[in-house]
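K.L.:
Below you'll find the structure I mean.
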Amino acid sequence: DNDLTVDDEVLQRSDANYFEAWKTLVSAGPNSEIIYDDDGSGLFIVCSGLPSISVYNVAFVTKPLASDPTPAIETAVEFFRDRNIPGLLCVRDGLDRRCDDAAIRTFGLKLSSQKPGMVLSPIPDNITHHDSVSSSSSSSSSEEDL
């Protein structure tokens, strides 16, 4: 049985980690653009500027979108269209079913893959790893302690 129940706080931290990793990766490019979710729209866009590689041009849905997610999805689609580069729309499974439906119905987007979250739960007592890798665990909920 591979069912794993993860609480909302762990999912939010996993998402934040994933978005930060993408921001770091894409920001290294000379033509990169990063559009933060400062307006509360629920979109975080990272764009490498690479014209033929969609996997490095991604609009992430960061939270459930408004009752009509179509305008937010349209923003993402137009962002990449205006730059004449391919892009992806990524929505964590189960985050916003209306967004999934609107992306398919209104924009003809297709589900191409599911990306796993970056969560190890529960953390085993004895973690085996390569000699060049170290790991530790913390039971603190404070970000400063992590």
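Residue numbers start at 1 in each chain; chains themselves are named A, B, ... in the order of the structure tokens; ligands are numbered from 1 in the order shown.
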Write out as a list of chain:residue names the residues lying within 7 Å of stretch 55-60 of chain A, counting only C-alpha atoms and excluding same-chain residues fewer than 2 positions away.

P.N.:
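Residues near the query, excluding close chain neighbours: A:Leu43, A:Phe44, A:Ile45, A:Val46, A:Cys47, A:Ser48, A:Ile53, A:Thr62, A:Ala76, A:Pro86, A:Gly87, A:Leu88, A:Leu89, A:Cys90, A:Val91.
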
K.L.:
May I ask which of the residues A:Asp131, A:Asp68, A:Arg83, A:Ile34 is the closest one to A:Ala103, counting only C-alpha atoms?

P.N.:
A:Asp68

K.L.:
Would you work out the distance separating atom CA of A:Ile85 from atom CA of A:Asp15, expressed in Å to one decimal?

P.N.:
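If I compute the distance from atom CA of A:Ile85 to atom CA of A:Asp15, I get 24.8 Å.
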
K.L.:
Go through A:Pro51, A:Gly108, A:Pro69, A:Gly94 and flag the residue nearest A:Ser32, using only C-alpha atoms for the distances.

P.N.:
A:Pro51

K.L.:
Once DSSP has gone over the backbone, tell me which residues of stretch 6-98 of chain A are in helix (DSSP H, G or I), as number ranges by chain.

P.N.:
A: 8-27, 54-56, 70-82, 97-98

K.L.:
Write out, as a short mmCIF file (atom, residue, chain, number, x, y, z; two decimals), in the first residue's frame, the residues just selected, with N, CA, C and O atoms.

P.N.:
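part-v2.cif, freshly written:
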```
data_model
loop_
_atom_site.label_atom_id
_atom_site.label_comp_id
_atom_site.auth_asym_id
_atom_site.auth_seq_id
_atom_site.Cartn_x
_atom_site.Cartn_y
_atom_site.Cartn_z
N ASP A 8 -1.32 19.35 5.76
CA ASP A 8 -1.24 20.55 4.91
C ASP A 8 0.04 21.35 5.13
O ASP A 8 0.60 21.88 4.17
N GLU A 9 0.51 21.45 6.37
CA GLU A 9 1.73 22.21 6.62
C GLU A 9 2.93 21.59 5.91
O GLU A 9 3.74 22.30 5.32
N VAL A 10 3.02 20.26 5.93
CA VAL A 10 4.13 19.59 5.25
C VAL A 10 4.01 19.80 3.74
O VAL A 10 5.01 20.07 3.06
N LEU A 11 2.80 19.74 3.21
CA LEU A 11 2.61 19.98 1.78
C LEU A 11 2.99 21.41 1.40
O LEU A 11 3.65 21.64 0.38
N GLN A 12 2.61 22.38 2.22
CA GLN A 12 2.96 23.77 1.94
C GLN A 12 4.47 23.98 2.00
O GLN A 12 5.03 24.69 1.16
N ARG A 13 5.13 23.36 2.95
CA ARG A 13 6.59 23.49 3.04
C ARG A 13 7.27 22.79 1.86
O ARG A 13 8.26 23.27 1.33
N SER A 14 6.71 21.66 1.46
CA SER A 14 7.25 20.95 0.30
C SER A 14 7.12 21.81 -0.95
O SER A 14 8.06 21.93 -1.74
N ASP A 15 5.94 22.41 -1.13
CA ASP A 15 5.73 23.30 -2.28
C ASP A 15 6.71 24.47 -2.24
O ASP A 15 7.32 24.81 -3.25
N ALA A 16 6.84 25.11 -1.07
CA ALA A 16 7.75 26.26 -0.94
C ALA A 16 9.17 25.87 -1.29
O ALA A 16 9.89 26.62 -1.97
N ASN A 17 9.59 24.68 -0.87
CA ASN A 17 10.92 24.19 -1.19
C ASN A 17 11.07 23.98 -2.69
O ASN A 17 12.09 24.35 -3.30
N TYR A 18 10.06 23.40 -3.30
CA TYR A 18 10.07 23.14 -4.75
C TYR A 18 10.15 24.45 -5.53
O TYR A 18 10.96 24.59 -6.46
N PHE A 19 9.35 25.45 -5.13
CA PHE A 19 9.36 26.74 -5.82
C PHE A 19 10.71 27.44 -5.65
O PHE A 19 11.24 28.04 -6.59
N GLU A 20 11.27 27.37 -4.46
CA GLU A 20 12.57 28.00 -4.20
C GLU A 20 13.67 27.34 -5.03
O GLU A 20 14.54 28.02 -5.57
N ALA A 21 13.61 26.02 -5.16
CA ALA A 21 14.60 25.31 -5.99
C ALA A 21 14.50 25.77 -7.44
O ALA A 21 15.52 26.00 -8.10
N TRP A 22 13.28 25.91 -7.96
CA TRP A 22 13.10 26.38 -9.33
C TRP A 22 13.58 27.82 -9.50
O TRP A 22 14.20 28.16 -10.50
N LYS A 23 13.28 28.66 -8.52
CA LYS A 23 13.73 30.05 -8.58
C LYS A 23 15.25 30.10 -8.66
O LYS A 23 15.82 30.83 -9.48
N THR A 24 15.92 29.31 -7.84
CA THR A 24 17.38 29.28 -7.83
C THR A 24 17.93 28.77 -9.16
O THR A 24 18.85 29.36 -9.72
N LEU A 25 17.34 27.71 -9.67
CA LEU A 25 17.80 27.13 -10.93
C LEU A 25 17.65 28.11 -12.09
O LEU A 25 18.59 28.38 -12.83
N VAL A 26 16.47 28.68 -12.22
CA VAL A 26 16.18 29.54 -13.37
C VAL A 26 16.89 30.89 -13.27
O VAL A 26 17.30 31.45 -14.28
N SER A 27 17.08 31.41 -12.07
CA SER A 27 17.68 32.74 -11.93
C SER A 27 19.12 32.78 -12.41
O SER A 27 19.66 33.87 -12.64
N SER A 54 10.52 23.73 -22.83
CA SER A 54 9.41 24.13 -21.97
C SER A 54 9.61 23.77 -20.51
O SER A 54 9.10 24.46 -19.63
N VAL A 55 10.37 22.73 -20.23
CA VAL A 55 10.53 22.29 -18.85
C VAL A 55 11.21 23.36 -17.98
O VAL A 55 11.06 23.36 -16.76
N TYR A 56 11.90 24.32 -18.59
CA TYR A 56 12.54 25.40 -17.83
C TYR A 56 11.75 26.70 -17.88
O TYR A 56 12.27 27.76 -17.53
N THR A 70 -9.89 30.55 -14.63
CA THR A 70 -9.56 30.84 -16.03
C THR A 70 -8.66 32.06 -16.20
O THR A 70 -7.68 32.00 -16.95
N PRO A 71 -8.92 33.21 -15.54
CA PRO A 71 -8.04 34.37 -15.74
C PRO A 71 -6.59 34.11 -15.32
O PRO A 71 -5.67 34.57 -16.01
N ALA A 72 -6.38 33.39 -14.26
CA ALA A 72 -5.00 33.10 -13.82
C ALA A 72 -4.30 32.20 -14.83
O ALA A 72 -3.13 32.42 -15.18
N ILE A 73 -5.00 31.20 -15.32
CA ILE A 73 -4.40 30.30 -16.32
C ILE A 73 -4.12 31.09 -17.60
O ILE A 73 -3.07 30.92 -18.23
N GLU A 74 -5.05 31.96 -17.97
CA GLU A 74 -4.85 32.79 -19.16
C GLU A 74 -3.61 33.68 -19.01
O GLU A 74 -2.85 33.87 -19.96
N THR A 75 -3.37 34.20 -17.82
CA THR A 75 -2.18 35.00 -17.55
C THR A 75 -0.92 34.19 -17.84
O THR A 75 0.01 34.67 -18.48
N ALA A 76 -0.90 32.95 -17.38
CA ALA A 76 0.27 32.08 -17.61
C ALA A 76 0.45 31.78 -19.09
O ALA A 76 1.55 31.87 -19.64
N VAL A 77 -0.64 31.41 -19.75
CA VAL A 77 -0.58 31.09 -21.18
C VAL A 77 -0.09 32.30 -21.98
O VAL A 77 0.80 32.19 -22.84
N GLU A 78 -0.63 33.48 -21.69
CA GLU A 78 -0.23 34.69 -22.40
C GLU A 78 1.22 35.09 -22.10
O GLU A 78 1.92 35.59 -22.98
N PHE A 79 1.67 34.86 -20.88
CA PHE A 79 3.05 35.17 -20.52
C PHE A 79 4.01 34.46 -21.48
O PHE A 79 4.91 35.08 -22.05
N PHE A 80 3.82 33.16 -21.66
CA PHE A 80 4.71 32.41 -22.54
C PHE A 80 4.45 32.71 -24.01
O PHE A 80 5.38 32.80 -24.81
N ARG A 81 3.19 32.92 -24.38
CA ARG A 81 2.86 33.26 -25.77
C ARG A 81 3.50 34.59 -26.17
O ARG A 81 4.07 34.71 -27.26
N ASP A 82 3.45 35.59 -25.27
CA ASP A 82 4.03 36.91 -25.56
C ASP A 82 5.54 36.83 -25.79
O ASP A 82 6.11 37.67 -26.50
N ARG A 97 -8.81 21.34 -8.02
CA ARG A 97 -9.46 20.55 -9.08
C ARG A 97 -10.09 21.45 -10.13
O ARG A 97 -10.10 21.15 -11.32
N ARG A 98 -10.62 22.64 -9.72
CA ARG A 98 -11.21 23.57 -10.70
C ARG A 98 -10.15 24.03 -11.70
O ARG A 98 -10.43 24.22 -12.88
#
```
